[in-house]
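Colleague: Below is the structure I would like to discuss, written out as structure tokens.
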2 protein chains.
Amino acid sequence: MPRLLATQSHVVHGYVGNKAATFPLQCLGWDVDCCNSVQFSNHTGYGLDKVFGTITRETDLKELLSGLFDNFSQDYQALLSGYLPNKNSVRCMGTYYAKFKEANPEIIWLMDPVMGDEGQLYVSEDVIPEYRKLALSPKQLVDIITPNQFELEILYGEKIKTKEHLKKALEKLHRTIPVIIVTSCDCKMFDDQEFIYCVASMEGKTPIVYRVPFIDSYFTGVGDLFSALLLDRVYKILSNPTTTLEFEDQVNNVLNVIQKVLKITRSYTSEKTKAKMGSASEMKEMELRIVESRDLYETINVHQTDYIYARL
Amino acid sequence: MPRLLATQSHVVHGYVGNKAATFPLQCLGWDVDCCNSVQFSNHTGYGLDKVFGTITRETDLKELLSGLFDNFSQDYQALLSGYLPNKNSVRCMGTYYAKFKEANPEIIWLMDPVMGDEGQLYVSEDVIPEYRKLALSPKQLVDIITPNQFELEILYGEKIKTKEHLKKALEKLHRTIPVIIVTSCDCKMFDDQEFIYCVASMEGKTPIVYRVPFIDSYFTGVGDLFSALLLDRVYKILSNPTTTLEFEDQVNNVLNVIQKVLKITRSYTSEKTKAKMGSASEMKEMELRIVESRDLYETINVHQTDYIYARL
């Protein structure tokens with residue numbers, strides 16, 4: 001049974017970070033070691049006067065990761081990193097993940113460089129150079145990244161406005177990262193704003209554009225679920241040289257699962273709820289129905305929609 | 001879908017505390033809100049020079065629980081409490097759980113008064129009065145407790161050497177607690193040391209003695225898994241007045257699941273490993289196979305062994 005180490009946030013209530021990733025991965029047969037970068041009562045979009053809970057201090061995170069490295073450095077097949085609250089925690093995760101990778105070069109690292117969305121940073125600015133260092137390391141530390149367009153632009157260092165420009169950015173980042181999935185691209189680059197565009201790019205291959213229907217609600221944790229499922233699918237391709245699984249189908253499959261989870265989540269909410277950030281009751285209603293969706297994570301026998309839209 | 005709040009330890013690697021309880025409960029259709037009383041790299045029986053990780057400070061635990069109470073006091077059907085590292089954390093959990101109970105008297109609280117085993121305390125002595133206060137509260141705060149014999153004796157205040165004495169202890173504790181499961185009784189009270197004896201007692205009914213085969217290994221997290229499954233079964237009885245489920249069968253069912261999980265765990269270890277406390281490699285090998293056992297948690301259609309041995 002494969003085992004992964006996941007370092008990201010923990011919320012007691014609701015499903016973001018490790019709470020969104022762990023159960024689906026366990027259902028898929030992964031042993032998931034969850035290293036929590038924060039412990040909050042709920043995600044920070046509830047708009048409450050204050051955030052209840054604490055950030056794992058850097059010294060504590062360091063101790064945890066060093067304990068894991070000392071005792072389990074050969075035990076992981078994959079590493080997952082997501083939301084980390086500040087520069088020190090990104091650096092600490094990066095240092096230890098690089099050590100794990102050095103001790104076992106076969107290990108696959110998916111890094112979700114969580115920094116912001118739609119032009120807004122939601123971490124402090126000094127996090128940026130830390131993620132850039134990891135993504136652009138000539139040691140090729142990271143195997144997969146899952147930025148949104150804003151985060152891609154930060155890693156690349158320029159705003160991206162055209163498809164040609166996007167291609168160039170991907171080419172540059174592929175010098176150090178084999179697999180790049182841009183989870184949501186600026187729709188102005190494409191034809192229709194009723195959809196979300198996702199671009200999957202494997203080093204040396206033509207990037208593929210996926211187009212999925214836009215559900216007009218503010219869901220949280222979708223990116224964390226996406227990264228977890230993607231890591232599972234990519235691992236299954238990379239760990240089995242004789243596989244007939246195709247990368248593009250696996251990404252399509254993940255998008256199918258996500259769409260179904262969102263539909264299930266939506267089916268529990270009242271018609272009119274759209275979930276505004278900052279409305280605690282609406283945020284609560286819109287928490288992903290991760291447990292209710294438990295039969296979906298493996299969609300081998302489920303009807304799949306083809307979301308492949310174009311080659312870039 | 002029922003939801004519970006579980007306050008107990010978190011380990012990154014392995015399966016004790018919330019890591020042992022959460023996945024099985026999610027498989028059974030529970031939304032599990034995990035409030036972590038500690039975050040350690042692994043359980044403390046590995047015998048390493050030091051424990052890697054940290055205890056959630058009392059102020060942080062208080063903040064978390066108060067955030068949860070403010071926003072979700074009506075959202076839980078059950079409360080679970082397990083390992084808490086010190087007097088302050090037990091008191092803090094107790095205070096807030098009592099508030100949840102007051103806000104919603106239908107809520108079911110299972111308290112595992114984790115203090116020690118076989119004559120040895122593994123918490124500091126000042127934890128004892130905190131658990132006694134909660135267990136013996138005339139407000140009848142706690143609905144279910146799952147002590148081992150040593151912990152039962154602590155709550156009762158006397159050593160228990162005979163079956164008659166055990167009966168008396170149960171009667172006394174039933175004044176404030178409706179359901180008591182003594183997860184392992186001193187086998188000298190019974191006939192045969194090749195077995196483990198478990199006593200399940202519901203207020204006003206004759207206690208039932210279960211006898212399960214003893215597997216000669218040191219497993220950790222078994223009690224945490226037991227409490228989680230038991231809470232699920234008792235909830236299903238208490239929340240459905242027309243149910244035909246019987247308490248004694250449900251306990252038997254939980255014991256069946258546990259035995260199967262232990263057998264699956266054992267099937268992955270080498271023949272000669274018995275797992276001594278303090279041997280890191282053996283402890284690692286003996287971590288419960290919680291994910292591998294995922295088809296077992298609901299054993300409705302699986303052959304059940306009858307472990308009922310006697311009435312007390």
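Naming works like this for the structure tokens: A, B, ... for the chains as they're shown, residue 1 at the start of each chain, ligands 1 onward in shown order.
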Mind listing as a list of chain:residue names which residues of chain B are within 7 Å of chain A, counting only C-alpha atoms?

Modeller: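 Output check: B:Val12, B:His13, B:Phe23, B:Gln26, B:Gly29, B:Asp31, B:Asp33, B:Cys34, B:Cys35, B:Phe40, B:Ser41, B:Phe52, B:Gly53, B:Thr54, B:Asp60, B:Glu63, B:Leu64, B:Gly67, B:Leu68, B:Val291.
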
Colleague: Please return as a PyMOL selection string: the residues of region 82-143 of chain B that backbone DSSP assigns to helix (DSSP H, G or I).

Modeller: chain B and resi 87-103+127-135

Colleague: Excluding Leu84 (chain A) and any residue of its chain fewer than 6 positions from it, enumerate the residues within 8 Å of it, using only C-alpha atoms, and give them as number ranges by chain.

Modeller: A: 7-9, 37-38, 90, 114

Colleague: Quick one: of B:Arg266, B:Pro85, B:Asn104, B:Tyr76, who's nearest to Gly17 (chain B), counting only C-alpha atoms?

Modeller: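 Of B:Arg266, B:Pro85, B:Asn104, B:Tyr76, the one nearest Gly17 (chain B) is B:Pro85, counting only C-alpha atoms.
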
Colleague: Report, in Å with one decimal, the straight-line distance from CA of Ile196 (chain B) to CA of Val212 (chain B).

Modeller: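 Answer for the CA of Ile196 (chain B) to CA of Val212 (chain B) separation: 5.3 Å.
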